[in-house]
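> Dropping the structure in here first, questions after.
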There are 2 protein chains.
Amino acid sequence: MSDPWTWHGGGLEAAKRRFGGADWIDLSTGINPHPWPGAATMAFDWQRLPDTQDLARLEAVAAGYFGVDARHVCAVPGTEIGLRLVGALIGGPAQHMAPGYRTHGAMIAGSAAVTWPDMGDRAGHLILANPNNPDGRALAAGAMQDLLERRSGWLLVDEAFADADPASSIAASAGDGRRLVVFRSFGKFFGLAGVRLGFVLAPQAIVAALRERLGAWPLSAAAIAIGTAAYADAGWIAAARQRLGEEAAALDAMLVRRGHRPVGACPLFRLIEVDDAHALFERLARCAILTRPFADQPRWLRLGLPADAVALERLDAALVDG
Amino acid sequence: MSDPWTWHGGGLEAAKRRFGGADWIDLSTGINPHPWPGAATMAFDWQRLPDTQDLARLEAVAAGYFGVDARHVCAVPGTEIGLRLVGALIGGPAQHMAPGYRTHGAMIAGSAAVTWPDMGDRAGHLILANPNNPDGRALAAGAMQDLLERRSGWLLVDEAFADADPASSIAASAGDGRRLVVFRSFGKFFGLAGVRLGFVLAPQAIVAALRERLGAWPLSAAAIAIGTAAYADAGWIAAARQRLGEEAAALDAMLVRRGHRPVGACPLFRLIEVDDAHALFERLARCAILTRPFADQPRWLRLGLPADAVALERLDAALVDG
């Protein structure tokens, strides 16, 4: 039974209780296993309400990183809540790409699943991720632009996994007069999902409505301080992109050696297809390796990036044992 | 001009730029100047998505502290967003108590201000704070129960300042079959407003709808860890209640000596009435003391609790100089 782990990634504590074992490797999410290192040693001003100017500075630094004017950027306490707030603001009718991220189908009531390459009714709103999760399919920025231009409804693009290869991002297209909302996540590429920080890039009217719903002080002191420093750390960002690419290549090579055909354009995760993915999930869990199965795709297993050579070898050995 | 400071408390950086001076004393909010000390030395797991069980444990510990079943408790990333999400869920028609907290008038579209002791149309929803902010008026729990029983609409009670004297709280009345929602704030009494943590106490249907709107992982790793430890620290909580009471009495004594009549049942702030509160705000700001003026109440000035005897003496001297 892999039920508790088909909802979202995570659930490591539940896995430990269920399968026993020690020294677990968590490959259930697409979170960078090498976090931005600054957070560990930062001190935070927990006492005062976060200052409005500090929040504005975070949004300005992040806007520079995304390549968009800061007037079109609204920080949110995690993309998850940002998706749901924007969904409630925009309403239907909407379609969401499937397979995709679970929340995309829940953020607008009555949203209908559409499958690639059918992009659904062009008059309605379309929700999709680029790169997509869990299959890692990435559309080039030009193809996304084309999608935007041909659509009369809103295009809602979750770029939670866009940081490793910014060339596919259409964040810079967010602005007034365009029916485009782009969602960016801090936690995945920077490896700090516990911070809860995301951004909505949208026309100013959407940004204003979102601020109204968030109220004053939407972010913790830590989210503001960590985000501001990390997005400004161009050296770390460049090094992380290179390292993640190399490590994903090493994971791919190992998976190919074991007879798999890994797919995915984002180095933070790979999808493999097997006869019984739930059985493989269980077998890996008995080796204290947590992966991500899918209730409606019994042949799919998503693997996050192992943190180091030891973890990669343990995954290799666990796959061989099967 | 006190305009930037009549919106909410806070804005210390703007005050420094505007008035100059050094070594500012921030009395603009009702935040305990003696924070729960554990946060300063805690380490947080920023890497992983916060585990569902850790969130449930925080809610269970907080529920015990509030005296309500955990099934009726939903943690939110700050009461501010909780107020707005619940307002959108419940809708109108609604009245809000005035004078009161600014967000209470904004959380339900079309909400009409009502003044004490007129409690508005009993068929509509009523939003009020107990103790109230900024005047600190506290209704006994029995009076609140009476208010709840006589109302056919929802009673929405913001207990952001209830921790110092839990006897006035009706948190324990939250449950199924009652049209009551209670909001609790972590940051004020525990002196850690930068954490962004609050709670909505409500019937299970409201809790479920709220969780749907918040999505997975509504809280940061720090909010979960700090909140869980602080709400369980009964010794600190008892000592803080006693200390705050003593310090509020010392503030009252000083204010009375200077010819004021401080009002307020919550030890975290006092309201004074003067001929020209905006002029007094400016005079105190020129002594590097930030207080809270009100745009629509030109005779009111709210003072937070000074952190120590030195701060109290500086406030005393600044008041005398006028």
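Here's how to read the names in the structure tokens: chain A, B, ... by the order shown, residue numbers from 1 in each chain, ligand numbers from 1 in the order shown.
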Specify as a ChimeraX atom specification all residues of chain A found within 7 Å of chain B, counting only C-alpha atoms.
/A:10-11,35,45-51,80-81,84,191-196,213-216,219-221
> Could you turn the residues from that selection into a file that holds N, CA and C atoms, as a CSV table (one decimal), in the first residue's frame?

chain,number,residue,atom,x,y,z
A,10,GLY,N,6.7,13.9,0.1
A,10,GLY,CA,6.8,14.1,1.6
A,10,GLY,C,6.3,12.9,2.3
A,11,GLY,N,6.0,13.1,3.6
A,11,GLY,CA,5.5,12.0,4.4
A,11,GLY,C,6.5,11.0,4.8
A,35,PRO,N,20.9,22.6,-0.3
A,35,PRO,CA,20.3,23.8,-0.1
A,35,PRO,C,21.2,25.0,-0.2
A,45,ASP,N,14.9,38.4,13.0
A,45,ASP,CA,14.1,39.3,13.9
A,45,ASP,C,12.7,38.8,14.0
A,46,TRP,N,12.6,37.8,15.0
A,46,TRP,CA,11.2,37.3,15.2
A,46,TRP,C,10.3,38.2,15.9
A,47,GLN,N,10.8,39.2,16.6
A,47,GLN,CA,10.0,40.0,17.5
A,47,GLN,C,9.0,40.9,16.8
A,48,ARG,N,9.6,41.7,15.8
A,48,ARG,CA,8.8,42.7,15.2
A,48,ARG,C,8.0,42.2,14.1
A,49,LEU,N,6.9,42.9,13.7
A,49,LEU,CA,6.2,42.6,12.5
A,49,LEU,C,7.1,42.9,11.4
A,50,PRO,N,7.2,42.0,10.4
A,50,PRO,CA,8.1,42.3,9.2
A,50,PRO,C,7.8,43.7,8.6
A,51,ASP,N,8.9,44.5,8.4
A,51,ASP,CA,8.7,45.8,7.8
A,51,ASP,C,8.3,45.8,6.4
A,80,GLU,N,1.8,27.1,-3.0
A,80,GLU,CA,0.5,26.4,-2.8
A,80,GLU,C,-0.7,27.3,-2.5
A,81,ILE,N,-0.5,28.2,-1.6
A,81,ILE,CA,-1.6,29.2,-1.2
A,81,ILE,C,-1.7,30.2,-2.3
A,84,ARG,N,-4.0,28.8,-5.0
A,84,ARG,CA,-5.4,28.7,-4.6
A,84,ARG,C,-6.0,30.1,-4.5
A,191,GLY,N,16.4,24.6,-2.4
A,191,GLY,CA,16.4,23.5,-1.4
A,191,GLY,C,16.0,23.8,0.0
A,192,LEU,N,15.0,24.7,0.1
A,192,LEU,CA,14.6,25.2,1.4
A,192,LEU,C,13.1,25.3,1.5
A,193,ALA,N,12.4,24.1,1.3
A,193,ALA,CA,11.0,24.1,1.2
A,193,ALA,C,10.3,24.5,2.5
A,194,GLY,N,11.0,24.3,3.6
A,194,GLY,CA,10.4,24.6,4.9
A,194,GLY,C,10.2,26.1,5.1
A,195,VAL,N,10.8,27.0,4.3
A,195,VAL,CA,10.7,28.4,4.4
A,195,VAL,C,9.3,28.9,4.1
A,196,ARG,N,8.7,28.2,3.1
A,196,ARG,CA,7.3,28.6,2.6
A,196,ARG,C,7.4,30.0,2.0
A,213,ARG,N,-6.2,40.1,-0.4
A,213,ARG,CA,-6.5,38.9,0.3
A,213,ARG,C,-5.5,38.4,1.2
A,214,LEU,N,-4.2,38.7,1.0
A,214,LEU,CA,-3.2,38.3,1.9
A,214,LEU,C,-3.1,39.1,3.2
A,215,GLY,N,-3.5,40.4,3.1
A,215,GLY,CA,-3.4,41.3,4.2
A,215,GLY,C,-2.0,41.7,4.5
A,216,ALA,N,-1.8,42.5,5.5
A,216,ALA,CA,-0.5,43.0,5.9
A,216,ALA,C,0.4,41.8,6.4
A,219,LEU,N,4.4,37.4,4.9
A,219,LEU,CA,5.6,36.5,5.1
A,219,LEU,C,6.2,36.6,6.4
A,220,SER,N,6.9,35.5,6.8
A,220,SER,CA,7.6,35.5,8.1
A,220,SER,C,8.9,36.3,7.9
A,221,ALA,N,9.5,36.7,9.0
A,221,ALA,CA,10.8,37.4,9.0
A,221,ALA,C,11.8,36.6,8.3
> Can you pull out the residues contacting range 135-148 of chain A? Cut-off 9 Å, using only C-alpha atoms, and skip same-chain residues under 2 positions away; I want them as a ChimeraX atom specification.
/A:99-100,119,129-133,150-155,161-162,167-170,173,178-180,263-267,269-272,302
> Using only C-alpha atoms, determine which residues lie at most 7 Å from range 3-7 of chain A, disregarding the query and same-chain residues fewer than 6 positions distant; provide the list as a PyMOL selection string.
chain A and resi 292-295
> Between B:Phe199, B:Phe281, B:Tyr65, B:Phe19, which is the closest to Leu315 in chain B once you count only C-alpha atoms?
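Ranked by minimum distance to Leu315 in chain B, first place goes to B:Phe281.
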> Which residues are close to Asp158 in chain B, i.e. within 8 Å by only C-alpha atoms, leaving aside same-chain residues fewer than 3 positions away? Reply as JSON, numbers by chain.
{"B": [127, 128, 129, 130, 182, 183, 184]}
> Extract the full set of helix (DSSP H, G or I) residues from range 121-256 of chain A according to DSSP on the backbone, and format it as a PyMOL selection string.
chain A and resi 141-149+166-168+171-173+193-195+204-214+221-231+234-256
> Find the residues around Gln204 in chain B up to 12 Å (only C-alpha atoms counted), leave out those fewer than 3 positions away in its own chain, and share them as a VMD selection string.
chain B and resid 69 to 74 174 to 181 200 to 201 207 to 211
> Can you tell me how far CA of Ala160 in chain A sits from CA of Pro134 in chain A, in Å to one decimal?
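These atoms are spaced 11.8 Å apart.
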> At a cut-off of 9 Å, using only C-alpha atoms, what residues contact Gly21 in chain B? Leave out same-chain residues fewer than 2 positions from it and give the result as JSON, numbers by chain.
{"B": [16, 17, 19, 23, 24, 285, 286, 287, 288]}
> Taking N, CA, C and O atoms for each residue, export the selection above as a short mmCIF file (atom, residue, chain, number, x, y, z; two decimals), in the first residue's frame.

data_model
loop_
_atom_site.label_atom_id
_atom_site.label_comp_id
_atom_site.auth_asym_id
_atom_site.auth_seq_id
_atom_site.Cartn_x
_atom_site.Cartn_y
_atom_site.Cartn_z
N LYS B 16 12.21 56.27 11.46
CA LYS B 16 13.63 56.64 11.60
C LYS B 16 14.04 57.59 10.49
O LYS B 16 14.73 58.58 10.72
N ARG B 17 13.60 57.27 9.27
CA ARG B 17 13.94 58.15 8.15
C ARG B 17 13.27 59.52 8.30
O ARG B 17 13.87 60.55 8.00
N PHE B 19 11.97 61.07 11.16
CA PHE B 19 12.23 61.89 12.34
C PHE B 19 13.69 61.88 12.78
O PHE B 19 14.07 62.63 13.68
N ASP B 23 18.31 54.93 18.70
CA ASP B 23 17.86 54.18 19.87
C ASP B 23 16.34 54.29 20.05
O ASP B 23 15.85 54.64 21.13
N TRP B 24 15.62 54.00 19.00
CA TRP B 24 14.16 54.15 19.02
C TRP B 24 13.50 53.14 19.97
O TRP B 24 13.94 52.00 20.10
N ALA B 285 7.79 61.13 18.72
CA ALA B 285 8.65 60.63 17.64
C ALA B 285 9.96 61.42 17.60
O ALA B 285 11.02 60.85 17.30
N ARG B 286 9.90 62.69 17.93
CA ARG B 286 11.13 63.48 17.95
C ARG B 286 12.02 63.09 19.13
O ARG B 286 13.20 63.41 19.17
N CYS B 287 11.45 62.36 20.09
CA CYS B 287 12.24 61.75 21.18
C CYS B 287 12.52 60.28 20.86
O CYS B 287 12.88 59.50 21.76
N ALA B 288 12.33 59.88 19.59
CA ALA B 288 12.60 58.50 19.15
C ALA B 288 11.72 57.48 19.86
O ALA B 288 12.15 56.39 20.21
#
> Quick check for you: according to DSSP on this backbone, which residues of range 203-277 of chain B are classed as strand (DSSP E)? Reply as a list in words.
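Reading the DSSP output for range 203-277 of chain B, strand (DSSP E) covers Phe269, Arg270, Leu271, Ile272 and Glu273 of chain B.
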> Which neighbours of Ala279 in chain B fall inside 12 Å, counting only C-alpha atoms, when residues of the same chain fewer than 4 positions from it are skipped, and could you give them as a PyMOL selection string?
chain B and resi 1-2+274-275+283-286+291-294+298-301+319+322
> Which value, in Å to one decimal, gives the distance between CA of Gln95 in chain A and CA of Gly110 in chain A?
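Computed distance, CA of Gln95 in chain A to CA of Gly110 in chain A, equals 8.6 Å.
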> Calculate how many Å separate CA of Thr228 in chain A from CA of Ala62 in chain A, rounding to one decimal.
7.2 Å
